[in-house]
Structure formats: structure tokens, C-alpha cells
2 protein chains.
Amino acid sequence: MPEVIQRLESIFSKFPGIGRKSARRIAFYLLDRERDEVEELSKTLLDLKDKIVRCPVCNHITEETPCRICSNPRRDDSVLCVVEDSLDVIALEKSVSFHGKYHVLGGLISPLDGIGPDDLAITSLMRRLDHVKEIILAINPSVEGDTTTFYLMRLLKDKDIKITRLARGIPIGGDLEYTDEATLANALEGRIEVSHE
Amino acid sequence: MPEVIQRLESIFSKFPGIGRKSARRIAFYLLDRERDEVEELSKTLLDLKDKIVRCPVCNHITEETPCRICSNPRRDDSVLCVVEDSLDVIALEKSVSFHGKYHVLGGLISPLDGIGPDDLAITSLMRRLDHVKEIILAINPSVEGDTTTFYLMRLLKDKDIKITRLARGIPIGGDLEYTDEATLANALEGRIEVSHE
């Protein structure tokens with residue numbers, strides 16, 4: 001196997017969700033593309049590193065600093081939604097139901113992976129709390145997510161700030177029969193009275 | 001979503017086996033890498049197109065022309081193994097049980113995809129037949145594979161060349177219980193007498 005293909009395979013196989021075999025298939029796929037297509041990819045990769053930075057305020061990925069959400073005067077400064085990464089911001093923005101601002105931690109506390117609070121954007125979060133009335137901890141429910149949530153709750157408990165988390169329950173389109181027990185337990189616990197109209 | 005990420009996503013989602021969501025995850029994975037890692041990938045992609053060519057004799061990928069298999073005087077010129085692509089050559093070479101030479105078609109006949117015999121390295125195959133005594137059609141058993149095999153068999157039938165194909169049967173490590181009917185039928189049909197020693 002030519003050395004350059006092996007090199008590319010070993011890079012691709014580190015991509016999330018890509019195994020050895022897929023990495024090889026992708027290398028051969030690129031081998032069959034026209035040179036200008038591969039050049040375009042090569043250039044776009046450098047563009048990615050050159051054009052995208054982290055917003056110095058909220059740590060979200062952005063092409064401008066501060067990012068468009070932070071610099072938008074119509075967004076509510078008093079509600080801060082704390083998320084793991086920028087993909088969460090994009091998902092929440094798509095729901096068009098949050099009008100506050102965000103803070104992107106850039107990961108979760110995970111002692112097993114050697115990721116502690118100092119590796120996350122927590123210091124910059126603590127510096128933003130002056131006019132904040134509510135912090136929504138919109139962190140995925142997982143071992144690392146819960147560890148991070150508890151850490152932040154303890155850190156914030158003496159401040160005069162309301163701390164909330166996202167509701168847990170049956171997703172829209174979900175089916176009781178196929179819903180796991182933990183979700184069902186959460187959905188029952190958080191049940192809401194239906195009014196007779 | 002920044003434009004450069006969208007651009008990268010759309011390139012990655014054309015990769016074999018990569019959907020929209022994986023493409024996005026890969027883009028974000030690269031965003032978190034160091035610049036020199038991304039530079040290395042960017043450069044390796046150009047290297048791939050610059051260093052790898054098709055062997056003018058057998059159409060296999062190579063860094064030298066002709067390729068190392070074609071230029072190896074210890075390989076048997078009289079047996080030609082015809083395969084779909086270079087990955088098949090690599091797989092067969094790994095088995096260390098073939099000592100002839102190869103011919104890489106560069107695809108299979110597939111009218112639905114608009115791929116006809118002229119799109120494959122068939123003319124160059126026909127020019128190589130002078131000292132050839134056997135041609136092994138080592139082409140995957142699929143609709144396109146069988147179409148291509150039949151096409152080549154017809155093309156070669158008037159030449160004084162033995163045409164063979166790979167044996168079909170139970171793979172090593174396979175389990176009768178979980179083997180599909182077509183493979184079982186092939187395995188039965190091709191059964192071999194066991195000698196009493």
C-alpha cells in the first residue's frame with residue numbers, strides 16, 4: 001500500500017465514527033476525484049482553522065468577534081444558557097424559542113479522560129454573571145453531564161441567580177412502548193396537570 | 001452556522017458511508033484540532049493526487065511506473081487476475097497465494113450508473129493477452145459483477161485462454177447456520193471429494 005495512502009488512512013481513522021475500513025474507502029474515494037476537487041477540500045480545511053475562532057465572550061464558534069449572538073442587542077442579557085459545545089447552541093437556535101445568551105463550556109468534566117473544570121470555559125462564565133438573573137444548565141444527561149451540572153450548581157449556589165435545567169420527558173414523536181425506563185420515570189415525576197377548557 | 005463549516009460538511013457528506021450528521025461531527029472534530037494537524041491533512045490530500053498514479057500496464061495504483069507487481073520479473077506473466085479495483089489487488093496480495101499479474105478494471109459495467117465497457121480498462125486488457133494462458137475473473141458476485149464477468153467471457157471466448165473464476169463457498173470461520181442460501185447452494189454445487197488417507 002503506497003505510503004501516502006497509509007498516512008491518509010491513519011488520519012481519517014481518528015475521525016469520529018470512522019474505522020480503519022471506512023478510512024481506506026475514503027482515501028480511495030479521494031484518489032478517484034479530480035485534482036481540483038481535492039484541492040478545494042485541502043484549501044477549505046485551512047480556511048476552517050483561519051476563519052473560525054471562539055467568541056471571547058461566550059466561547060461559541062464564530063467568524064466575527066464577539067459572535068453575532070453576543071453582539072445582538074435584542075438578545076436578553078439576563079438569561080444565560082450554559083451548554084457543552086457549539087453544536088448545542090446551533091440545535092437550540094434552530095428551535096427559535098430561546099432569546100437569551102449562551103455560554104459554551106467546550107466540553108464536560110470527565111476525570112477518566114483527564115478533563116477537569118480548568119479545561120472548560122468556567123472562569124469566563126463566572127466573569128459574566130453581573131446582570132444575570134437566570135442560568136439554564138442545558139447539559140446532556142450523562143455521567144459527565146451530571147458531574148458538570150453538579151459542579152456548576154455548587155459554584156453558583158451563593159449567587160442570587162435562579163438555576164434551571166431543561167425538562168426531561170417523552171420526546172415529540174416518541175412512543176411510550178419504546179421509551180427507556182429512566183425517561184419514563186422522569187416524565188412521570190415531571191407530569192403536568194391538564195386543565196379542562 | 002459559519003459558511004466554511006457548511007462547505008466542509010457538504011464535502012464530507014459526499015464521502016462513502018458519511019451522512020449529514022457525521023459530516024458535521026467531523027468538521028467540529030477538525031475545528032478542535034491544532035492548526036499543524038489540519039495543515040498535515042491538507043498537505044497529505046495534495047500529496048495523494050501528486051504522488052499516486054495508475055500503472056500504465058495494469059491500471060493498479062502506484063507511486064512508480066510501471067507498478068512494482070508489473071515490473072517484478074518473478075511474477076508469472078502467463079496468469080492474469082482481473083479485478084474491479086486496487087483494493088481487490090491489495091486483498092489478494094495479502095493472501096500471498098497468487099503469483100501471476102493483475103489487471104484492474106477500475107469499476108464494473110453498470111448501465112444504471114451510466115458505466116459502460118468503454119469506461120473500464122478493457123482495451124488495455126485486450127492488448128496484454130499475447131503470452132497469457134489463464135485469466136482469473138476475480139470479480140465480486142453482484143449484478144454489476146456478473147454483467148462484467150459475462151461481458152469479458154464473451155470478449156475472450158475465441159482466444160486460446162483458459163478462463164476461471166474464484167471458488168464460491170463457506171468462508172473460513174463461517175457458520176452454516178448463518179450462511180445465506182445462495183452461498184450454501186454454491187458451496188454444495190462446488191463440493192469436493194474428501195480423500196481417505
# chains A, B, ... in the order shown; residues from 1 in each chain; ligands from 1
$ interface_residues --of "chain B" --to "chain A" --cutoff "8 Å" --atoms "only C-alpha atoms" --output "short mmCIF file (atom, residue, chain, number, x, y, z; two decimals) with N, CA and C atoms, in the first residue's frame"
data_model
loop_
_atom_site.label_atom_id
_atom_site.label_comp_id
_atom_site.auth_asym_id
_atom_site.auth_seq_id
_atom_site.Cartn_x
_atom_site.Cartn_y
_atom_site.Cartn_z
N MET B 1 -24.82 28.86 11.21
CA MET B 1 -23.62 28.02 11.03
C MET B 1 -22.64 28.72 10.08
N PRO B 2 -21.38 28.92 10.49
CA PRO B 2 -20.43 29.61 9.61
C PRO B 2 -20.32 28.92 8.24
N VAL B 4 -17.88 28.39 6.14
CA VAL B 4 -16.79 27.44 5.88
C VAL B 4 -17.11 26.05 6.45
N ILE B 5 -17.82 26.03 7.58
CA ILE B 5 -18.21 24.73 8.17
C ILE B 5 -19.25 24.06 7.27
N ARG B 7 -19.53 24.43 4.10
CA ARG B 7 -18.83 23.98 2.90
C ARG B 7 -18.15 22.63 3.16
N LEU B 8 -17.48 22.55 4.31
CA LEU B 8 -16.76 21.32 4.68
C LEU B 8 -17.74 20.17 4.89
N ILE B 11 -18.82 18.73 1.63
CA ILE B 11 -17.79 17.87 1.03
C ILE B 11 -17.75 16.51 1.75
N PHE B 15 -18.53 11.78 1.07
CA PHE B 15 -17.62 10.64 1.32
C PHE B 15 -18.44 9.36 1.47
N PRO B 16 -17.89 8.21 1.05
CA PRO B 16 -18.65 6.96 1.20
C PRO B 16 -18.93 6.66 2.67
N GLY B 17 -20.19 6.37 2.98
CA GLY B 17 -20.56 5.97 4.34
C GLY B 17 -20.73 7.11 5.33
N SER B 22 -22.70 12.88 10.58
CA SER B 22 -21.30 12.52 10.76
C SER B 22 -20.41 13.60 10.15
N ARG B 25 -20.09 16.31 12.58
CA ARG B 25 -19.24 15.93 13.71
C ARG B 25 -17.76 15.97 13.34
N ILE B 26 -17.44 15.55 12.09
CA ILE B 26 -16.05 15.56 11.64
C ILE B 26 -15.55 17.01 11.51
N TYR B 29 -14.82 18.18 14.89
CA TYR B 29 -13.62 17.48 15.37
C TYR B 29 -12.37 18.20 14.86
N LEU B 31 -12.14 21.28 13.84
CA LEU B 31 -12.09 22.62 14.42
C LEU B 31 -11.34 22.60 15.75
N ARG B 35 -3.66 23.60 14.63
CA ARG B 35 -3.54 24.00 13.23
C ARG B 35 -2.58 23.11 12.45
N VAL B 38 -4.20 19.94 11.13
CA VAL B 38 -5.09 20.18 9.99
C VAL B 38 -4.25 20.48 8.74
N GLU B 39 -3.14 21.22 8.94
CA GLU B 39 -2.22 21.51 7.83
C GLU B 39 -1.67 20.22 7.24
N LEU B 41 -3.04 17.26 7.27
CA LEU B 41 -4.10 16.61 6.48
C LEU B 41 -4.25 17.31 5.13
N SER B 42 -4.27 18.64 5.16
CA SER B 42 -4.44 19.43 3.94
C SER B 42 -3.34 19.11 2.92
N LYS B 43 -2.10 18.97 3.44
CA LYS B 43 -0.95 18.68 2.58
C LYS B 43 -0.99 17.23 2.06
N THR B 44 -1.36 16.32 2.95
CA THR B 44 -1.41 14.91 2.56
C THR B 44 -2.41 14.68 1.43
N LEU B 45 -3.51 15.45 1.45
CA LEU B 45 -4.52 15.31 0.40
C LEU B 45 -3.94 15.68 -0.96
N LEU B 46 -3.12 16.74 -0.99
CA LEU B 46 -2.49 17.14 -2.26
C LEU B 46 -1.44 16.11 -2.67
N ASP B 47 -0.69 15.60 -1.67
CA ASP B 47 0.30 14.53 -1.93
C ASP B 47 -0.36 13.35 -2.61
N LEU B 48 -1.55 13.00 -2.11
CA LEU B 48 -2.27 11.85 -2.65
C LEU B 48 -2.45 12.00 -4.15
N LYS B 49 -2.89 13.21 -4.57
CA LYS B 49 -3.13 13.42 -6.00
C LYS B 49 -1.82 13.55 -6.78
N LYS B 51 1.28 12.12 -5.93
CA LYS B 51 2.22 11.00 -5.90
C LYS B 51 1.63 9.71 -6.45
N ILE B 52 0.31 9.56 -6.37
CA ILE B 52 -0.29 8.29 -6.77
C ILE B 52 -0.80 8.39 -8.21
N THR B 62 -0.18 3.25 -8.01
CA THR B 62 1.26 3.05 -7.80
C THR B 62 1.97 4.39 -7.64
N GLU B 63 3.15 4.34 -7.00
CA GLU B 63 3.99 5.53 -6.91
C GLU B 63 5.06 5.50 -7.99
N ILE B 90 -4.92 -5.43 -3.39
CA ILE B 90 -4.30 -5.41 -2.06
C ILE B 90 -4.77 -6.59 -1.22
#
$ select_by_dssp --residues "chain B" --states "alpha helix (DSSP H)" --output "ChimeraX atom specification"
/B:3-12,20-31,35-51,86-94,123-126,143-156,181-189
$ atom_distance --atom1 "CA of Gly107 in chain B" --atom2 "CA of Leu155 in chain B"
17.2 Å
$ residues_around --residues "Leu188 in chain B" --least-positions-apart "6" --cutoff "10 Å" --atoms "only C-alpha atoms" --output "VMD selection string"
chain B and resid 168 to 170 182
$ select_by_dssp --residues "chain B" --states "strand (DSSP E)" --output "VMD selection string"
chain B and resid 53 to 54 61 to 62 79 to 83 101 to 104 134 to 137 162 to 165
$ closest_residue --among "A:Arg20, A:Cys67, A:Phe98, A:Leu152" --to "Pro117 in chain A" --atoms "only C-alpha atoms"
A:Leu152
